>>> print(open('run25.txt').read())   # compact mmCIF, C-alpha atoms and all ligand atoms
# COMPACT_ATOMS: atom_id res chain seq x y z
CA MET A 1 -11.62 -13.33 -22.76
CA LYS A 2 -13.21 -13.30 -19.32
CA ALA A 3 -11.34 -12.88 -16.03
CA THR A 4 -12.53 -13.68 -12.50
CA ILE A 5 -10.95 -11.46 -9.84
CA ILE A 6 -10.98 -12.58 -6.21
CA GLY A 7 -10.80 -9.66 -3.74
CA GLY A 8 -12.27 -6.17 -3.86
CA GLY A 9 -9.37 -4.33 -2.21
CA ILE A 10 -7.29 -1.67 -3.96
CA SER A 11 -5.57 -4.18 -6.31
CA GLY A 12 -8.76 -6.02 -7.32
CA LEU A 13 -10.83 -2.86 -7.86
CA THR A 14 -8.06 -1.16 -9.86
CA THR A 15 -7.63 -4.27 -11.99
CA ALA A 16 -11.34 -4.30 -12.82
CA LEU A 17 -11.21 -0.60 -13.75
CA ALA A 18 -8.17 -1.16 -15.97
CA PHE A 19 -9.76 -4.22 -17.63
CA ASN A 20 -12.95 -2.28 -18.19
CA LYS A 21 -11.01 0.57 -19.83
CA LEU A 22 -9.38 -1.90 -22.23
CA ASN A 23 -12.60 -3.85 -22.89
CA ILE A 24 -11.57 -7.04 -21.10
CA ASN A 25 -14.58 -8.77 -19.59
CA CYS A 26 -14.22 -9.33 -15.82
CA GLU A 27 -16.07 -9.76 -12.54
CA ILE A 28 -14.90 -9.33 -8.94
CA TYR A 29 -15.85 -11.55 -6.02
CA GLU A 30 -15.31 -10.03 -2.57
CA LYS A 31 -15.95 -11.96 0.63
CA ALA A 32 -17.09 -8.93 2.68
CA PRO A 33 -20.85 -8.28 2.48
CA VAL A 34 -20.27 -4.50 2.23
CA LEU A 35 -17.28 -2.37 1.24
CA ASN A 36 -16.80 -0.64 4.56
CA GLU A 37 -15.30 2.82 4.88
CA VAL A 38 -12.70 1.24 7.13
CA GLY A 39 -9.03 1.95 7.56
CA ALA A 40 -7.13 5.09 8.26
CA GLY A 41 -5.22 6.97 5.57
CA ILE A 42 -2.93 6.00 2.75
CA TRP A 43 -0.18 7.78 0.80
CA LEU A 44 -0.24 7.23 -2.95
CA GLN A 45 2.95 8.17 -4.74
CA PRO A 46 3.36 9.55 -8.30
CA ASN A 47 3.55 6.08 -9.91
CA ALA A 48 0.09 5.28 -8.53
CA LEU A 49 -1.27 8.73 -9.42
CA LYS A 50 -0.15 8.37 -13.05
CA ILE A 51 -2.23 5.20 -13.30
CA LEU A 52 -5.23 6.83 -11.61
CA ASP A 53 -4.95 9.58 -14.24
CA TRP A 54 -4.83 6.95 -16.98
CA LEU A 55 -8.00 5.45 -15.49
CA GLY A 56 -9.62 8.90 -15.57
CA ILE A 57 -10.09 9.20 -11.79
CA GLY A 58 -6.88 11.04 -10.79
CA THR A 59 -8.51 14.47 -10.55
CA LEU A 60 -11.34 13.17 -8.36
CA ALA A 61 -8.87 11.35 -6.12
CA ARG A 62 -6.87 14.55 -5.65
CA GLU A 63 -10.07 16.47 -4.84
CA ARG A 64 -10.95 13.93 -2.12
CA GLY A 65 -7.52 13.96 -0.48
CA VAL A 66 -4.55 16.27 0.01
CA ILE A 67 -1.43 16.59 -2.13
CA LEU A 68 1.78 16.46 -0.11
CA ASN A 69 4.66 18.50 -1.51
CA GLN A 70 7.01 17.58 1.28
CA VAL A 71 7.69 14.38 3.22
CA ASP A 72 10.29 14.79 5.95
CA ILE A 73 11.95 12.36 8.29
CA THR A 74 12.49 14.26 11.54
CA ASP A 75 13.74 13.79 15.07
CA HIS A 76 11.20 13.47 17.89
CA GLN A 77 10.82 17.26 18.03
CA LEU A 78 9.88 17.40 14.32
CA ILE A 79 13.25 18.85 13.25
CA PRO A 80 14.11 17.25 9.85
CA PHE A 81 17.37 15.30 9.73
CA ARG A 82 17.72 16.82 6.35
CA LYS A 83 15.48 19.34 4.64
CA THR A 84 14.21 17.63 1.49
CA SER A 85 13.43 19.72 -1.53
CA LYS A 86 9.92 19.81 -2.96
CA GLU A 87 11.23 18.18 -6.15
CA LEU A 88 12.19 15.04 -4.25
CA VAL A 89 8.64 13.90 -3.53
CA GLN A 90 7.50 14.91 -7.01
CA ASP A 91 8.17 13.14 -10.28
CA GLN A 92 9.58 14.94 -13.32
CA TYR A 93 6.10 16.23 -14.16
CA GLY A 94 5.61 17.86 -10.75
CA GLN A 95 3.24 15.15 -9.52
CA GLY A 96 3.26 15.04 -5.68
CA ILE A 97 2.06 12.40 -3.19
CA LEU A 98 -1.65 12.00 -2.48
CA ALA A 99 -2.75 11.47 1.14
CA ILE A 100 -6.32 10.18 1.26
CA HIS A 101 -8.65 8.28 3.59
CA ARG A 102 -8.57 4.58 2.60
CA GLY A 103 -12.34 4.19 2.75
CA VAL A 104 -12.82 7.30 0.60
CA PHE A 105 -10.33 5.95 -1.95
CA GLN A 106 -11.87 2.47 -2.04
CA LYS A 107 -15.32 4.04 -2.53
CA LEU A 108 -14.00 6.16 -5.39
CA LEU A 109 -12.66 3.04 -7.12
CA SER A 110 -15.85 1.02 -6.60
CA GLU A 111 -18.23 3.77 -7.75
CA HIS A 112 -16.47 3.87 -11.14
CA LEU A 113 -17.06 0.17 -11.86
CA PRO A 114 -19.82 -0.70 -14.31
CA GLU A 115 -22.99 -2.15 -12.70
CA GLY A 116 -22.84 -5.82 -11.86
CA VAL A 117 -19.02 -6.23 -11.92
CA LEU A 118 -18.58 -6.26 -8.13
CA ASN A 119 -20.14 -9.18 -6.26
CA LEU A 120 -20.07 -8.75 -2.48
CA GLY A 121 -20.50 -11.49 0.13
CA SER A 122 -18.82 -13.96 -2.24
CA PRO A 123 -15.85 -15.78 -0.68
CA PHE A 124 -13.57 -17.80 -2.95
CA SER A 125 -13.58 -21.48 -2.05
CA SER A 126 -12.00 -23.43 -4.94
CA SER A 127 -11.08 -23.57 -8.60
CA ALA A 128 -10.62 -26.39 -11.10
CA SER A 129 -9.46 -26.59 -14.72
CA ALA A 130 -12.16 -27.66 -17.17
CA ALA A 131 -10.93 -28.13 -20.78
CA THR A 132 -9.52 -24.69 -21.75
CA LYS A 133 -11.55 -22.87 -19.07
CA ILE A 134 -11.28 -22.53 -15.33
CA GLU A 135 -14.23 -23.13 -13.01
CA VAL A 136 -14.28 -21.05 -9.85
CA VAL A 137 -16.51 -21.60 -6.82
CA VAL A 138 -17.39 -18.35 -5.01
CA GLY A 139 -19.95 -18.50 -2.22
CA ALA A 140 -22.86 -20.58 -3.49
CA LYS A 141 -22.04 -19.79 -7.13
CA LYS A 142 -19.90 -21.48 -9.81
CA THR A 143 -18.46 -19.26 -12.53
CA THR A 144 -16.37 -20.10 -15.61
CA SER A 145 -13.61 -17.92 -17.03
CA ASP A 146 -10.28 -17.94 -18.92
CA LEU A 147 -8.21 -16.35 -16.16
CA LEU A 148 -8.39 -16.33 -12.36
CA ILE A 149 -6.76 -13.39 -10.57
CA GLY A 150 -6.01 -13.70 -6.85
CA ALA A 151 -6.16 -10.14 -5.47
CA ASP A 152 -7.19 -11.38 -2.05
CA GLY A 153 -4.45 -9.89 0.08
CA ILE A 154 -1.59 -11.12 2.24
CA HIS A 155 -3.54 -14.15 3.55
CA SER A 156 -4.68 -15.06 0.00
CA SER A 157 -6.82 -18.19 -0.33
CA VAL A 158 -6.06 -18.30 -4.06
CA ARG A 159 -2.32 -18.41 -3.26
CA LYS A 160 -2.86 -21.24 -0.77
CA ALA A 161 -4.82 -23.14 -3.43
CA ILE A 162 -1.98 -23.05 -6.00
CA PHE A 163 1.26 -22.89 -4.00
CA GLU A 164 2.28 -24.94 -1.00
CA ASN A 165 4.40 -23.64 1.86
CA THR A 166 4.35 -19.92 1.24
CA GLU A 167 5.63 -18.01 4.25
CA LEU A 168 4.85 -14.71 5.96
CA ARG A 169 7.77 -12.94 7.68
CA TYR A 170 7.08 -11.05 10.90
CA ALA A 171 8.98 -7.76 10.97
CA GLY A 172 9.05 -7.65 14.79
CA GLN A 173 7.01 -4.43 14.73
CA THR A 174 3.42 -3.45 15.32
CA CYS A 175 1.60 -0.45 13.87
CA TRP A 176 -1.30 1.62 15.18
CA ARG A 177 -3.19 3.79 12.71
CA GLY A 178 -5.88 6.40 13.22
CA VAL A 179 -7.58 9.53 11.96
CA SER A 180 -7.57 12.60 14.17
CA ASP A 181 -10.18 15.36 13.90
CA ILE A 182 -7.86 18.37 13.93
CA SER A 183 -6.29 20.82 11.48
CA LEU A 184 -2.53 20.94 11.27
CA PRO A 185 -0.57 24.20 11.64
CA LEU A 186 -0.34 26.10 8.32
CA ALA A 187 3.30 25.11 7.75
CA LEU A 188 2.34 21.40 7.79
CA GLN A 189 -0.82 21.54 5.70
CA ASN A 190 0.83 19.96 2.65
CA SER A 191 3.45 17.91 4.48
CA GLY A 192 3.95 14.33 5.49
CA ILE A 193 6.10 13.76 8.57
CA GLU A 194 7.78 10.66 9.94
CA SER A 195 9.22 11.44 13.34
CA TRP A 196 11.82 9.14 14.95
CA GLY A 197 12.46 8.56 18.63
CA ASN A 198 14.28 5.77 20.41
CA LYS A 199 13.22 2.72 18.32
CA ILE A 200 9.71 4.17 17.84
CA ARG A 201 8.24 6.18 14.98
CA PHE A 202 5.23 8.43 14.59
CA GLY A 203 4.06 9.61 11.16
CA PHE A 204 1.22 11.87 10.07
CA SER A 205 -0.20 14.01 7.29
CA PRO A 206 -3.46 15.81 6.53
CA ILE A 207 -6.07 13.88 4.50
CA SER A 208 -8.49 16.86 4.42
CA ASN A 209 -8.47 20.34 5.93
CA ASN A 210 -9.72 19.06 9.29
CA ARG A 211 -8.57 15.43 9.43
CA VAL A 212 -5.12 14.01 10.02
CA TYR A 213 -4.02 10.44 9.26
CA TRP A 214 -1.38 9.11 11.64
CA PHE A 215 0.60 5.93 12.26
CA ALA A 216 2.75 4.83 15.18
CA VAL A 217 5.27 1.98 14.95
CA ALA A 218 7.04 0.14 17.77
CA LYS A 219 8.84 -3.16 18.29
CA SER A 220 6.57 -5.88 19.61
CA LYS A 221 6.08 -9.62 19.92
CA PRO A 222 3.43 -10.91 17.50
CA ASN A 223 -0.23 -10.89 18.59
CA GLU A 224 0.21 -8.57 21.58
CA LYS A 225 -3.04 -6.72 22.36
CA ASP A 226 -3.75 -3.40 24.06
CA PRO A 227 -5.81 -3.56 27.24
CA GLU A 228 -9.38 -2.38 26.60
CA LYS A 229 -9.76 1.42 26.29
CA MET A 230 -6.02 1.81 26.88
CA ILE A 231 -4.76 2.43 23.34
CA LYS A 232 -4.70 6.23 23.57
CA PRO A 233 -3.22 6.36 27.10
CA GLY A 234 -0.65 3.72 26.04
CA LEU A 235 0.40 5.64 22.94
CA THR A 236 0.47 8.99 24.75
CA LYS A 237 2.85 7.44 27.29
CA ARG A 238 5.07 5.88 24.61
CA PHE A 239 5.35 9.16 22.70
CA LYS A 240 5.51 11.52 25.72
CA ASP A 241 8.95 12.86 24.77
CA PHE A 242 7.84 13.75 21.24
CA HIS A 243 6.71 17.19 20.06
CA PRO A 244 3.38 18.18 21.79
CA LEU A 245 1.60 18.00 18.40
CA VAL A 246 1.95 14.19 18.54
CA SER A 247 -0.04 13.92 21.81
CA LYS A 248 -2.59 16.37 20.43
CA ILE A 249 -3.08 14.22 17.31
CA ILE A 250 -3.53 11.07 19.44
CA ASP A 251 -5.86 12.88 21.83
CA HIS A 252 -8.26 13.99 19.06
CA THR A 253 -8.69 10.46 17.70
CA ASP A 254 -11.69 8.23 18.35
CA GLU A 255 -10.19 5.35 20.42
CA GLU A 256 -12.72 2.87 18.93
CA LYS A 257 -11.45 3.53 15.41
CA ILE A 258 -7.74 3.05 16.09
CA LEU A 259 -6.39 0.04 14.18
CA ARG A 260 -3.52 -2.11 15.31
CA ASN A 261 -1.74 -4.51 12.94
CA ASP A 262 1.43 -6.50 13.35
CA ILE A 263 3.69 -5.93 10.37
CA TYR A 264 4.38 -8.85 8.04
CA ASP A 265 5.54 -9.29 4.50
CA LEU A 266 5.44 -12.29 2.19
CA LYS A 267 8.61 -14.28 1.60
CA ARG A 268 9.50 -13.97 -2.11
CA LEU A 269 7.46 -16.39 -4.22
CA GLN A 270 9.24 -18.32 -6.94
CA HIS A 271 6.39 -17.50 -9.32
CA TRP A 272 3.24 -15.41 -9.25
CA PHE A 273 1.24 -17.65 -11.57
CA LYS A 274 0.42 -21.28 -12.21
CA GLY A 275 -1.42 -22.02 -15.44
CA PRO A 276 -4.18 -19.45 -15.93
CA ILE A 277 -4.18 -18.42 -12.24
CA ILE A 278 -2.21 -15.31 -11.28
CA LEU A 279 -1.61 -13.48 -8.01
CA ILE A 280 -1.35 -9.70 -7.80
CA GLY A 281 -0.96 -7.05 -5.09
CA ASP A 282 -0.42 -8.24 -1.51
CA ALA A 283 -1.42 -11.79 -2.48
CA ALA A 284 1.74 -11.96 -4.63
CA HIS A 285 4.20 -9.63 -2.92
CA ALA A 286 2.96 -8.11 0.36
CA THR A 287 5.57 -5.67 1.64
CA THR A 288 6.20 -3.95 4.95
CA PRO A 289 4.77 -0.41 4.75
CA ASN A 290 8.02 1.54 5.22
CA MET A 291 8.26 2.78 1.65
CA GLY A 292 4.53 3.60 1.37
CA GLN A 293 4.41 1.58 -1.85
CA GLY A 294 2.30 -1.55 -1.11
CA ALA A 295 -0.92 -0.28 -2.68
CA GLY A 296 1.10 1.55 -5.34
CA GLN A 297 2.59 -1.78 -6.45
CA GLY A 298 -0.88 -3.38 -6.54
CA ILE A 299 -2.08 -0.50 -8.72
CA GLU A 300 0.93 -0.98 -11.03
CA ASP A 301 0.11 -4.70 -11.27
CA ALA A 302 -3.40 -3.81 -12.44
CA TYR A 303 -2.07 -1.44 -15.09
CA TYR A 304 0.57 -3.82 -16.46
CA LEU A 305 -1.70 -6.87 -16.44
CA ALA A 306 -4.51 -5.09 -18.28
CA ASN A 307 -2.19 -3.62 -20.90
CA LEU A 308 -0.37 -6.91 -21.51
CA LEU A 309 -3.58 -8.90 -21.86
CA ALA A 310 -5.55 -6.41 -23.96
CA GLY A 311 -6.19 -7.82 -27.43
CA ASN A 312 -3.91 -10.78 -26.74
CA GLN A 313 -5.24 -14.35 -26.74
CA LYS A 314 -1.97 -15.97 -25.53
CA ILE A 315 -2.79 -15.61 -21.85
CA LEU A 316 0.01 -17.79 -20.43
CA GLU A 317 2.70 -15.98 -22.45
CA GLN A 318 1.37 -12.64 -21.23
CA LEU A 319 1.33 -13.82 -17.60
CA ALA A 320 5.01 -14.77 -17.92
CA LEU A 321 5.72 -11.37 -19.45
CA PHE A 322 3.79 -9.68 -16.65
CA GLU A 323 5.89 -11.45 -14.03
CA SER A 324 9.19 -10.63 -15.70
CA SER A 325 8.18 -6.98 -16.24
CA ARG A 326 7.15 -6.41 -12.62
CA ARG A 327 9.70 -8.45 -10.63
CA LYS A 328 12.61 -6.05 -10.45
CA LYS A 329 10.66 -3.12 -9.06
CA VAL A 330 8.61 -5.23 -6.66
CA ASP A 331 11.81 -6.86 -5.29
CA TYR A 332 13.38 -3.42 -4.89
CA VAL A 333 10.38 -2.17 -2.87
CA VAL A 334 9.98 -5.27 -0.68
CA ASN A 335 13.71 -5.61 0.12
CA ASN A 336 14.38 -1.93 0.79
CA SER A 337 11.23 -1.56 2.87
CA TRP A 338 12.19 -4.57 5.00
CA MET A 339 15.73 -3.30 5.54
CA PHE A 340 14.59 0.27 6.27
CA GLY A 341 12.11 -0.95 8.90
CA LYS A 342 14.72 -3.10 10.62
CA MET A 343 17.27 -0.27 10.74
CA ALA A 344 14.78 2.40 11.86
CA HIS A 345 14.02 0.34 15.00
CA HIS A 346 17.64 -0.36 15.91
CA SER A 347 19.82 2.26 17.66
CA LEU A 348 22.87 1.74 15.45
CA GLY A 349 20.71 1.29 12.37
CA GLN A 350 18.96 4.60 13.06
CA LYS A 351 22.32 6.35 13.47
CA PHE A 352 23.52 4.86 10.19
CA LEU A 353 20.35 5.88 8.33
CA LYS A 354 20.61 9.43 9.67
CA ILE A 355 24.18 9.69 8.34
CA VAL A 356 23.12 8.26 4.97
CA MET A 357 20.21 10.73 4.82
CA LYS A 358 22.52 13.66 5.59
CA LEU A 359 25.27 12.65 3.17
CA THR A 360 23.46 11.22 0.14
CA PRO A 361 23.59 13.81 -2.65
CA GLU A 362 20.22 15.14 -3.79
CA ARG A 363 21.02 13.90 -7.33
CA THR A 364 21.29 10.28 -6.08
CA LEU A 365 18.05 10.56 -4.10
CA LYS A 366 16.29 11.93 -7.18
CA GLN A 367 17.54 9.00 -9.26
CA GLN A 368 16.20 6.56 -6.66
CA MET A 369 12.80 8.26 -6.61
CA ALA A 370 12.67 8.38 -10.42
CA LYS A 371 13.15 4.60 -10.45
CA LEU A 372 10.24 4.18 -8.04
CA TYR A 373 7.95 6.63 -9.81
CA SER A 374 8.52 5.44 -13.38
CA VAL A 375 5.71 3.55 -15.08
CA LYS A 376 5.94 2.06 -18.58
CA ASP A 377 4.04 3.89 -21.27
CA PHE A 378 2.17 1.25 -23.28
CA HIS A 379 0.95 3.58 -26.04
C1 LIG B 401 0.25 -0.16 8.44
C2 LIG B 401 0.18 -0.13 6.95
C3 LIG B 401 0.31 1.09 6.27
C4 LIG B 401 0.30 1.11 4.87
N1 LIG B 401 0.45 2.29 4.22
C5 LIG B 401 0.51 2.32 2.86
C6 LIG B 401 0.68 3.56 2.15
O1 LIG B 401 0.75 4.64 2.75
N2 LIG B 401 0.77 3.51 0.80
C7 LIG B 401 0.68 2.34 0.09
O2 LIG B 401 0.79 2.36 -1.15
N3 LIG B 401 0.49 1.15 0.74
C8 LIG B 401 0.40 1.12 2.09
N4 LIG B 401 0.20 -0.07 2.74
C9 LIG B 401 0.06 -1.31 1.96
C10 LIG B 401 -1.35 -1.43 1.42
O3 LIG B 401 -2.29 -1.30 2.47
C11 LIG B 401 -1.53 -2.80 0.76
O4 LIG B 401 -0.44 -3.06 -0.08
C12 LIG B 401 -2.80 -2.79 -0.07
O5 LIG B 401 -3.94 -2.48 0.70
C13 LIG B 401 -2.98 -4.18 -0.71
O6 LIG B 401 -4.16 -4.17 -1.47
P1 LIG B 401 -4.71 -5.55 -2.01
O7 LIG B 401 -5.97 -5.20 -2.73
O8 LIG B 401 -3.65 -6.28 -2.75
O9 LIG B 401 -5.04 -6.42 -0.73
P2 LIG B 401 -6.11 -6.13 0.43
O10 LIG B 401 -6.23 -4.69 0.72
O11 LIG B 401 -5.76 -7.04 1.55
O12 LIG B 401 -7.49 -6.59 -0.22
C14 LIG B 401 -7.81 -7.94 -0.37
C15 LIG B 401 -9.31 -8.07 -0.50
O13 LIG B 401 -9.63 -9.43 -0.74
C16 LIG B 401 -10.72 -9.82 0.07
N5 LIG B 401 -10.60 -11.27 0.29
C17 LIG B 401 -9.72 -11.93 1.09
N6 LIG B 401 -9.94 -13.26 1.03
C18 LIG B 401 -10.98 -13.45 0.16
C19 LIG B 401 -11.66 -14.59 -0.30
N7 LIG B 401 -11.34 -15.84 0.11
N8 LIG B 401 -12.68 -14.43 -1.18
C20 LIG B 401 -13.05 -13.17 -1.61
N9 LIG B 401 -12.43 -12.05 -1.18
C21 LIG B 401 -11.41 -12.17 -0.30
C22 LIG B 401 -10.56 -9.01 1.35
O14 LIG B 401 -11.77 -8.91 2.06
C23 LIG B 401 -10.06 -7.68 0.78
O15 LIG B 401 -11.15 -6.83 0.45
C24 LIG B 401 0.17 -0.11 4.14
C25 LIG B 401 0.01 -1.32 4.83
C26 LIG B 401 0.01 -1.34 6.22
C27 LIG B 401 -0.16 -2.66 6.93
>>> encode(input="run25.txt", output="structure tokens", more="lines below")
Ligand SMILES: Cc1cc2nc3c(=O)[nH]c(=O)nc-3n(C[C@H](O)[C@H](O)[C@H](O)COP(=O)(O)OP(=O)(O)OC[C@H]3O[C@@H](n4cnc5c(N)ncnc54)[C@H](O)[C@@H]3O)c2cc1C
Amino acid sequence: MKATIIGGGISGLTTALAFNKLNINCEIYEKAPVLNEVGAGIWLQPNALKILDWLGIGTLARERGVILNQVDITDHQLIPFRKTSKELVQDQYGQGILAIHRGVFQKLLSEHLPEGVLNLGSPFSSSASAATKIEVVVGAKKTTSDLLIGADGIHSSVRKAIFENTELRYAGQTCWRGVSDISLPLALQNSGIESWGNKIRFGFSPISNNRVYWFAVAKSKPNEKDPEKMIKPGLTKRFKDFHPLVSKIIDHTDEEKILRNDIYDLKRLQHWFKGPIILIGDAAHATTPNMGQGAGQGIEDAYYLANLLAGNQKILEQLALFESSRRKKVDYVVNNSWMFGKMAHHSLGQKFLKIVMKLTPERTLKQQMAKLYSVKDFH
């Protein structure tokens, strides 16, 4: 069997690595001419780390990032609403959360692909069924395969080619992300923090011993832009009542490299596949980032899809099985993330969440995390 993967983001690259491990022939077509070291940081939770270990790159990933043993939601002065135990961010095997630069992570994935699998500067333009095969046009090239995988993100062209009227939902929030060249105080060197003020949030964690990934979230109309060279002054003003460390983190960031994205997710699709064409990652189920699980779910897709297809010629049956195996968890992530984001930016919602955080027994929280962190063992 041969698969054509469209998109060389985290989902597409991980899928190619998983296919390669299980001897499924595949090639990736990515529209960008180079895989840039762009982006800020990313948190990868134990479910994603288990799969990176299975792929044989977990240790390297940990070496290139920082393991967080603590993730606290705090007030604007960095006082946690509730002190979470170390066990809560870890799975039952003591696996913590990895904070890593996105570009560094993407490079790690791409450098483990066999030569010739990744084709850059190759945008998807169309596909057509031909007897039992599928013909795919990418850039100036036509390629034939048995399976087409759309891993081309929230604005997926593959999705638009197979499903009409899919809808993005604007969360009403915008997010700035950056990397600051500072070291955190000793007490925070293995911690992730999400600090809440009045309808605004600021989160950060180390991604190396002298770099800090941060994100800032506020309500906004879609497509609002910052005046030129005013991102840092604007953010410093917005977060002036927060702990002084927040202004320091903003201040030590290169203004030119700050990213701003409005937050959307994808309205639930009825199906993720049509014939031998399947969507994975953000192309299938883009989520708001509030649970830090978007990339984790793309990585899980890669793992499940590879394991279900390996040694199995009945592709369509396996695609249906893939969809039914993954739906419940993906729905849980997308729905809870959406609701959490809405409540965190609403005065009453914030109050309610704080009460829930204070009162929910540790046992219940652990059960919820176990659900999120569990990954099927195929062997
Ligand atoms: C603010 C923010 C913070 C986040 N934080 C986290 C976090 O901490 N942890 C986490 O797990 N997730 C996080 N996420 C979610 C995560 O970023 C996404 O879920 C993840 O990057 C999706 O990966 P993907 O490969 O499916 O899609 P993408 O990363 O969008 O990759 C798609 C790729 O396809 C390529 N492409 C697009 N169109 C074509 C075409 N026509 N032809 C060829 N190639 C094409 C693109 O160039 C791109 O390389 C966050 C998201 C946001 C917005």
>>> residues_near_ligand(input="run25.txt", ligand="ligand LIG 401 (chain B)", cutoff="8 Å", atoms="all atoms listed in the file", output="PyMOL selection string")
chain A and resi 6-13+29-32+35+41-45+48+99+121-125+138+151-158+175-177+215+261-264+280-283+286-298
>>> residues_around(input="run25.txt", residues="Thr74 of chain A", least_positions_apart="6", cutoff="12 Å", atoms="only C-alpha atoms", output="number ranges by chain")
A: 80-84, 192-197, 201-204, 242-243, 350, 353-354, 357-358
>>> closest_residue(input="run25.txt", among="A:Gly178, A:Gly65, A:Gly341, A:Pro114", to="Ile97 of chain A", atoms="only C-alpha atoms")
A:Gly65
>>> closest_residue(input="run25.txt", among="A:His271, A:His112, A:His252, A:Lys240", to="Ala320 of chain A", atoms="all atoms listed in the file")
A:His271
>>> closest_residue(input="run25.txt", among="A:Gln189, A:Asn198, A:Asn36, A:Leu305", to="Leu348 of chain A", atoms="only C-alpha atoms")
A:Asn198
>>> residues_around(input="run25.txt", residues="Arg326 of chain A", least_positions_apart="5", cutoff="12 Å", atoms="only C-alpha atoms", output="MDAnalysis selection string")
chainID A and resid 271:272 280:281 284:285 297:305 308 319:321 331:333 372 374:376
>>> atom_distance(input="run25.txt", atom1="atom CA of Tyr373 of chain A", atom2="atom CA of Arg169 of chain A")
26.2 Å
>>> atom_distance(input="run25.txt", atom1="atom CA of Leu259 of chain A", atom2="atom CA of Gly39 of chain A")
7.4 Å
>>> decode(input="run25.txt", residues="segment 165-195 of chain A", atoms="C-alpha atoms", output="PDB file, in the first residue's frame")
ATOM      1  CA  ASN A 165     -19.871  23.661   3.788  1.00  0.00           C
ATOM      2  CA  THR A 166     -17.494  22.905   6.623  1.00  0.00           C
ATOM      3  CA  GLU A 167     -17.422  25.727   9.140  1.00  0.00           C
ATOM      4  CA  LEU A 168     -14.822  27.361  11.372  1.00  0.00           C
ATOM      5  CA  ARG A 169     -16.061  28.786  14.698  1.00  0.00           C
ATOM      6  CA  TYR A 170     -14.466  31.970  16.003  1.00  0.00           C
ATOM      7  CA  ALA A 171     -13.908  31.763  19.753  1.00  0.00           C
ATOM      8  CA  GLY A 172     -14.038  35.564  20.186  1.00  0.00           C
ATOM      9  CA  GLN A 173     -10.441  35.543  21.433  1.00  0.00           C
ATOM     10  CA  THR A 174      -7.048  36.374  20.024  1.00  0.00           C
ATOM     11  CA  CYS A 175      -3.705  34.959  21.131  1.00  0.00           C
ATOM     12  CA  TRP A 176      -0.197  36.412  21.057  1.00  0.00           C
ATOM     13  CA  ARG A 177       2.733  34.018  21.392  1.00  0.00           C
ATOM     14  CA  GLY A 178       6.435  34.635  21.802  1.00  0.00           C
ATOM     15  CA  VAL A 179       9.762  33.399  23.106  1.00  0.00           C
ATOM     16  CA  SER A 180      11.578  35.477  25.685  1.00  0.00           C
ATOM     17  CA  ASP A 181      15.344  35.306  26.204  1.00  0.00           C
ATOM     18  CA  ILE A 182      15.410  35.045  29.990  1.00  0.00           C
ATOM     19  CA  SER A 183      15.796  32.390  32.684  1.00  0.00           C
ATOM     20  CA  LEU A 184      12.945  31.877  35.090  1.00  0.00           C
ATOM     21  CA  PRO A 185      13.428  31.964  38.881  1.00  0.00           C
ATOM     22  CA  LEU A 186      14.554  28.568  40.246  1.00  0.00           C
ATOM     23  CA  ALA A 187      11.116  27.752  41.677  1.00  0.00           C
ATOM     24  CA  LEU A 188       9.552  28.008  38.195  1.00  0.00           C
ATOM     25  CA  GLN A 189      12.193  26.167  36.176  1.00  0.00           C
ATOM     26  CA  ASN A 190      10.035  23.061  35.725  1.00  0.00           C
ATOM     27  CA  SER A 191       6.637  24.760  35.889  1.00  0.00           C
ATOM     28  CA  GLY A 192       3.982  25.865  33.477  1.00  0.00           C
ATOM     29  CA  ILE A 193       1.825  28.780  34.604  1.00  0.00           C
ATOM     30  CA  GLU A 194      -1.471  30.128  33.328  1.00  0.00           C
ATOM     31  CA  SER A 195      -2.235  33.378  35.099  1.00  0.00           C
TER      32      SER A 195
END
